[in-house]
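Raw contents of entry_32.pdb, PDB, C-alpha atoms:
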```
ATOM      1  CA  MET H   7       9.083  -2.504  20.054  1.00  0.00           C
ATOM      2  CA  GLU H   8       6.257  -3.565  22.314  1.00  0.00           C
ATOM      3  CA  THR H   9       2.822  -1.999  22.293  1.00  0.00           C
ATOM      4  CA  SER H  10      -0.155  -2.790  24.459  1.00  0.00           C
ATOM      5  CA  LEU H  11      -3.467  -1.384  23.315  1.00  0.00           C
ATOM      6  CA  PRO H  12      -6.950  -2.238  24.552  1.00  0.00           C
ATOM      7  CA  PRO H  13      -9.512  -3.750  22.156  1.00  0.00           C
ATOM      8  CA  SER H  14     -11.482  -0.500  22.305  1.00  0.00           C
ATOM      9  CA  ILE H  15      -8.616   1.042  20.326  1.00  0.00           C
ATOM     10  CA  THR H  16      -7.387  -1.905  18.234  1.00  0.00           C
ATOM     11  CA  THR H  17     -10.873  -2.754  16.971  1.00  0.00           C
ATOM     12  CA  SER H  18     -11.987   0.837  16.507  1.00  0.00           C
ATOM     13  CA  GLU H  19     -13.121   2.098  13.119  1.00  0.00           C
ATOM     14  CA  PRO H  20     -10.051   4.337  12.618  1.00  0.00           C
ATOM     15  CA  MET H  21      -7.687   1.421  13.303  1.00  0.00           C
ATOM     16  CA  ARG H  22      -9.655  -0.873  10.980  1.00  0.00           C
ATOM     17  CA  ASP H  23      -9.600   1.845   8.299  1.00  0.00           C
ATOM     18  CA  LEU H  24      -5.844   2.207   8.667  1.00  0.00           C
ATOM     19  CA  GLN H  25      -5.311  -1.562   8.460  1.00  0.00           C
ATOM     20  CA  LEU H  26      -7.542  -1.771   5.384  1.00  0.00           C
ATOM     21  CA  GLU H  27      -5.690   1.011   3.558  1.00  0.00           C
ATOM     22  CA  VAL H  28      -2.253  -0.393   4.395  1.00  0.00           C
ATOM     23  CA  ASN H  29      -3.278  -3.806   3.073  1.00  0.00           C
ATOM     24  CA  LEU H  30      -4.904  -2.303  -0.016  1.00  0.00           C
ATOM     25  CA  SER H  31      -1.788  -0.223  -0.726  1.00  0.00           C
ATOM     26  CA  ALA H  32       0.411  -3.315  -0.354  1.00  0.00           C
ATOM     27  CA  ILE H  33      -1.790  -5.286  -2.774  1.00  0.00           C
ATOM     28  CA  ILE H  34      -1.785  -2.476  -5.333  1.00  0.00           C
ATOM     29  CA  LEU H  35       1.997  -2.028  -5.053  1.00  0.00           C
ATOM     30  CA  ASN H  36       2.489  -5.737  -5.588  1.00  0.00           C
ATOM     31  CA  ASP H  37       0.235  -5.739  -8.654  1.00  0.00           C
ATOM     32  CA  ILE H  38       1.959  -2.718 -10.186  1.00  0.00           C
ATOM     33  CA  TYR H  39       5.403  -4.238  -9.745  1.00  0.00           C
ATOM     34  CA  THR H  40       4.499  -7.808 -10.724  1.00  0.00           C
ATOM     35  CA  ILE H  41       2.583  -7.101 -13.933  1.00  0.00           C
ATOM     36  CA  ARG H  42       5.681  -7.195 -16.146  1.00  0.00           C
ATOM     37  CA  LYS H  43       6.757 -10.522 -14.635  1.00  0.00           C
ATOM     38  CA  GLU H  44       3.236 -11.949 -14.888  1.00  0.00           C
ATOM     39  CA  MET H  45       2.885 -10.840 -18.513  1.00  0.00           C
ATOM     40  CA  LYS H  46       6.233 -12.438 -19.353  1.00  0.00           C
ATOM     41  CA  ASP H  47       5.257 -15.678 -17.559  1.00  0.00           C
ATOM     42  CA  GLY H  48       1.774 -15.666 -19.102  1.00  0.00           C
ATOM     43  CA  SER H  49       0.039 -15.942 -15.732  1.00  0.00           C
ATOM     44  CA  LEU H  50      -1.838 -12.746 -14.964  1.00  0.00           C
ATOM     45  CA  ALA H  51      -3.447 -12.608 -11.523  1.00  0.00           C
ATOM     46  CA  ASN H  52      -3.476  -8.863 -11.261  1.00  0.00           C
ATOM     47  CA  LEU H  53      -5.720  -5.816 -10.745  1.00  0.00           C
ATOM     48  CA  ILE H  54      -4.689  -4.160 -13.999  1.00  0.00           C
ATOM     49  CA  PRO H  55      -6.005  -6.795 -16.454  1.00  0.00           C
ATOM     50  CA  THR H  56      -8.947  -7.401 -14.114  1.00  0.00           C
ATOM     51  CA  LYS H  57      -9.877  -3.720 -14.380  1.00  0.00           C
ATOM     52  CA  LEU H  58      -9.355  -3.823 -18.137  1.00  0.00           C
ATOM     53  CA  GLY H  59     -11.699  -6.788 -18.465  1.00  0.00           C
ATOM     54  CA  ALA H  60     -14.314  -5.480 -16.033  1.00  0.00           C
ATOM     55  CA  ALA H  61     -14.521  -2.161 -17.836  1.00  0.00           C
ATOM     56  CA  ASN H  62     -14.268  -3.802 -21.274  1.00  0.00           C
ATOM     57  CA  LYS H  63     -11.340  -1.524 -22.073  1.00  0.00           C
ATOM     58  CA  LYS H  64      -8.757  -2.064 -24.765  1.00  0.00           C
ATOM     59  CA  ASP H  65      -6.324   0.638 -23.642  1.00  0.00           C
ATOM     60  CA  LEU H  66      -4.013   1.032 -20.669  1.00  0.00           C
ATOM     61  CA  ASN H  67      -6.145   3.552 -18.789  1.00  0.00           C
ATOM     62  CA  ALA H  68      -6.830   0.768 -16.296  1.00  0.00           C
ATOM     63  CA  ALA H  69      -3.125   0.814 -15.388  1.00  0.00           C
ATOM     64  CA  VAL H  70      -3.396   4.536 -14.721  1.00  0.00           C
ATOM     65  CA  GLU H  71      -6.537   3.884 -12.646  1.00  0.00           C
ATOM     66  CA  VAL H  72      -4.642   1.374 -10.498  1.00  0.00           C
ATOM     67  CA  VAL H  73      -1.918   3.954  -9.821  1.00  0.00           C
ATOM     68  CA  CYS H  74      -4.660   6.470  -8.940  1.00  0.00           C
ATOM     69  CA  ASP H  75      -6.187   3.837  -6.625  1.00  0.00           C
ATOM     70  CA  LEU H  76      -2.811   3.563  -4.906  1.00  0.00           C
ATOM     71  CA  ARG H  77      -2.594   7.316  -4.464  1.00  0.00           C
ATOM     72  CA  ARG H  78      -6.137   7.426  -3.025  1.00  0.00           C
ATOM     73  CA  SER H  79      -5.314   4.568  -0.677  1.00  0.00           C
ATOM     74  CA  VAL H  80      -2.121   6.241   0.569  1.00  0.00           C
ATOM     75  CA  GLU H  81      -4.030   9.499   1.166  1.00  0.00           C
ATOM     76  CA  ALA H  82      -6.772   7.595   3.023  1.00  0.00           C
ATOM     77  CA  MET H  83      -4.058   5.875   5.063  1.00  0.00           C
ATOM     78  CA  LYS H  84      -2.571   9.254   6.021  1.00  0.00           C
ATOM     79  CA  THR H  85      -5.998  10.497   7.089  1.00  0.00           C
ATOM     80  CA  ALA H  86      -6.779   7.298   8.988  1.00  0.00           C
ATOM     81  CA  SER H  87      -3.424   7.327  10.789  1.00  0.00           C
ATOM     82  CA  ALA H  88      -4.299  10.606  12.536  1.00  0.00           C
ATOM     83  CA  LYS H  89      -7.624   9.354  13.909  1.00  0.00           C
ATOM     84  CA  PRO H  90      -6.473   6.621  16.334  1.00  0.00           C
ATOM     85  CA  ASP H  91      -4.423   9.279  18.113  1.00  0.00           C
ATOM     86  CA  ASN H  92      -7.700  10.932  19.141  1.00  0.00           C
ATOM     87  CA  LEU H  93      -8.929   7.644  20.651  1.00  0.00           C
ATOM     88  CA  SER H  94      -5.959   7.396  22.986  1.00  0.00           C
ATOM     89  CA  ALA H  95      -5.393  11.022  23.980  1.00  0.00           C
ATOM     90  CA  TYR H  96      -6.746  10.290  27.477  1.00  0.00           C
ATOM     91  CA  ASN H  97      -3.824   7.947  28.292  1.00  0.00           C
ATOM     92  CA  LYS H  98      -0.188   8.832  27.574  1.00  0.00           C
ATOM     93  CA  ARG H  99       0.996   5.200  27.354  1.00  0.00           C
ATOM     94  CA  PHE H 100      -1.804   4.244  24.967  1.00  0.00           C
ATOM     95  CA  ASN H 101      -1.195   7.407  22.982  1.00  0.00           C
ATOM     96  CA  ASP H 102       2.518   6.615  22.680  1.00  0.00           C
ATOM     97  CA  ASP H 103       1.683   3.034  21.662  1.00  0.00           C
ATOM     98  CA  VAL H 104      -0.789   4.225  19.011  1.00  0.00           C
ATOM     99  CA  LYS H 105       1.857   6.548  17.589  1.00  0.00           C
ATOM    100  CA  THR H 106       4.396   3.702  17.595  1.00  0.00           C
ATOM    101  CA  TRP H 107       1.922   1.358  15.917  1.00  0.00           C
ATOM    102  CA  THR H 108       0.877   3.822  13.189  1.00  0.00           C
ATOM    103  CA  LYS H 109       4.517   4.709  12.507  1.00  0.00           C
ATOM    104  CA  SER H 110       5.356   0.992  12.263  1.00  0.00           C
ATOM    105  CA  VAL H 111       2.544   0.422   9.775  1.00  0.00           C
ATOM    106  CA  GLY H 112       3.917   3.200   7.569  1.00  0.00           C
ATOM    107  CA  MET H 113       7.424   1.744   7.838  1.00  0.00           C
ATOM    108  CA  MET H 114       6.056  -1.660   6.827  1.00  0.00           C
ATOM    109  CA  LEU H 115       4.563  -0.181   3.661  1.00  0.00           C
ATOM    110  CA  ILE H 116       7.850   1.573   2.854  1.00  0.00           C
ATOM    111  CA  GLY H 117       9.613  -1.778   3.356  1.00  0.00           C
ATOM    112  CA  ILE H 118       7.221  -3.447   0.912  1.00  0.00           C
ATOM    113  CA  LEU H 119       7.893  -0.713  -1.643  1.00  0.00           C
ATOM    114  CA  GLU H 120      11.673  -0.936  -1.207  1.00  0.00           C
ATOM    115  CA  TYR H 121      11.558  -4.723  -1.505  1.00  0.00           C
ATOM    116  CA  HIS H 122       9.661  -4.522  -4.791  1.00  0.00           C
ATOM    117  CA  LEU H 123      12.087  -1.935  -6.135  1.00  0.00           C
ATOM    118  CA  SER H 124      15.265  -3.775  -5.174  1.00  0.00           C
ATOM    119  CA  SER H 125      14.351  -7.459  -5.487  1.00  0.00           C
ATOM    120  CA  ALA H 126      15.611  -9.276  -8.569  1.00  0.00           C
ATOM    121  CA  ARG H 127      12.267 -11.110  -8.575  1.00  0.00           C
ATOM    122  CA  TYR H 128      10.495  -8.008  -9.882  1.00  0.00           C
ATOM    123  CA  GLY H 129      13.334  -6.672 -12.051  1.00  0.00           C
ATOM    124  CA  MET H 130      12.657  -2.992 -11.344  1.00  0.00           C
ATOM    125  CA  LYS H 131      16.242  -1.811 -10.827  1.00  0.00           C
ATOM    126  CA  PRO H 132      16.828  -0.967 -14.517  1.00  0.00           C
ATOM    127  CA  TYR H 133      13.638   1.133 -14.557  1.00  0.00           C
ATOM    128  CA  THR H 134      14.300   3.095 -11.367  1.00  0.00           C
ATOM    129  CA  GLN H 135      15.075   6.732 -12.094  1.00  0.00           C
ATOM    130  CA  GLU H 136      17.365   9.012 -10.064  1.00  0.00           C
ATOM    131  CA  ASP H 137      14.351  10.524  -8.294  1.00  0.00           C
ATOM    132  CA  THR H 138      13.256   6.949  -7.362  1.00  0.00           C
ATOM    133  CA  SER H 139      10.312   7.004  -9.770  1.00  0.00           C
ATOM    134  CA  ILE H 140       9.782   3.993 -12.019  1.00  0.00           C
ATOM    135  CA  ASP H 141       9.507   4.206 -15.798  1.00  0.00           C
ATOM    136  CA  PHE H 142       8.697   1.025 -17.700  1.00  0.00           C
ATOM    137  CA  THR H 143       6.650  -0.012 -20.706  1.00  0.00           C
ATOM    138  CA  LEU H 144       4.193  -2.897 -20.592  1.00  0.00           C
TER     139      LEU H 144
END
```
As structure tokens, what does this structure read like?
Amino acid sequence: METSLPPSITTSEPMRDLQLEVNLSAIILNDIYTIRKEMKDGSLANLIPTKLGAANKKDLNAAVEVVCDLRRSVEAMKTASAKPDNLSAYNKRFNDDVKTWTKSVGMMLIGILEYHLSSARYGMKPYTQEDTSIDFTL
């Protein structure tokens, strides 16, 4: 899949916003799925305990906040993915390439999610429900 977009599109605010949200979502997903492993290994480098410490909290509301952060990021990504299309409407090839690129970014995030769910490294298989939700206790 080859795309060719001019810098006026690739460096535009909507494209930067989309890239930011995809990266943020990937980081949050990783932290959600690695916390059990990190707790077991005793080496926490994770948003959840960082949020707990920063807010001086002793409960797990920070874990809920991280999941809410993920939801906000995914929603922002959906919003941002529609905007680059407006930048390229004047040129069919660019418009097709923008659509290909934004679709690819979404597929990349789905790949990251599927990897975390299926990889033995994260040990999520036993906690995956029929509806693909995850249910585990810290």
Residues picked by the PyMOL selection byres ((chain H and resi 15) around 9) here, as a compact mmCIF listing (two decimals) with C-alpha atoms, keeping the file's coordinate frame?
```
# COMPACT_ATOMS: atom_id res chain seq x y z
CA LEU H 11 -3.47 -1.38 23.32
CA PRO H 12 -6.95 -2.24 24.55
CA PRO H 13 -9.51 -3.75 22.16
CA SER H 14 -11.48 -0.50 22.30
CA THR H 16 -7.39 -1.90 18.23
CA THR H 17 -10.87 -2.75 16.97
CA SER H 18 -11.99 0.84 16.51
CA GLU H 19 -13.12 2.10 13.12
CA PRO H 20 -10.05 4.34 12.62
CA MET H 21 -7.69 1.42 13.30
CA PRO H 90 -6.47 6.62 16.33
CA LEU H 93 -8.93 7.64 20.65
CA SER H 94 -5.96 7.40 22.99
CA PHE H 100 -1.80 4.24 24.97
CA VAL H 104 -0.79 4.22 19.01
```
List the spatial neighbours of Asp37 (chain H) as a list in words - criterion: any atom at most 8 Å away, only C-alpha atoms, same-chain residues fewer than 6 positions off excluded.
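Final neighbour list, sorted by chain and number: Asn52, Leu53 and Ile54 of chain H.
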Using C-alpha atoms, can you write the selected residues to a file as an mmCIF file, in the frame of the given file?
```cif
data_model
loop_
_atom_site.group_PDB
_atom_site.id
_atom_site.type_symbol
_atom_site.label_atom_id
_atom_site.label_comp_id
_atom_site.auth_asym_id
_atom_site.auth_seq_id
_atom_site.Cartn_x
_atom_site.Cartn_y
_atom_site.Cartn_z
ATOM 1 C CA ASN H 52 -3.476 -8.863 -11.261
ATOM 2 C CA LEU H 53 -5.720 -5.816 -10.745
ATOM 3 C CA ILE H 54 -4.689 -4.160 -13.999
#
```
Please measure the separation of CA of Ala126 (chain H) and CA of Lys43 (chain H), giving the value in Å to one decimal.
10.8 Å
So which residues touch Val73 (chain H) within 9 Å, counting only C-alpha atoms, skipping near sequence neighbours fewer than 5 positions away, as a list in words?
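Residues near the query, excluding close chain neighbours: Ile34, Leu35, Ile38, Ala68 and Arg78 of chain H.
Evaluated on this file, the PyMOL selection byres ((chain H and resi 114-120) around 8) matches Val28, Ser31, Ala32, Leu35, Ser110, Val111, Gly112, Met113, Tyr121, His122, Leu123 and Ser124 of chain H.
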Box for region 114-123 of chain H - axis-aligned, 3 Å on each of the six sides, all listed atoms - centre and size in Å to one decimal, as AutoDock Vina command-line options.
```
--center_x 8.3 --center_y -1.6 --center_z 0.3 --size_x 13.5 --size_y 12.3 --size_z 19.0
```
Check the smallest atom-to-atom distance from each of H:Gly48, H:Glu8, H:Ser125, H:Leu26 to Ser87 (chain H) using all atoms listed in the file, then report the winner.
H:Leu26
Using only C-alpha atoms, which residues sit within 9 Å of region 135-143 of chain H once same-chain residues fewer than 2 positions away are excluded, as a ChimeraX atom specification?
/H:42,123,130-133
For the atom pair CA of Arg22 (chain H) and CA of Thr85 (chain H), what is the interatomic distance in Å to one decimal place?
12.6 Å
Using Å and a single decimal, report how far CA of Lys46 (chain H) sits from CA of Gly129 (chain H).
11.7 Å
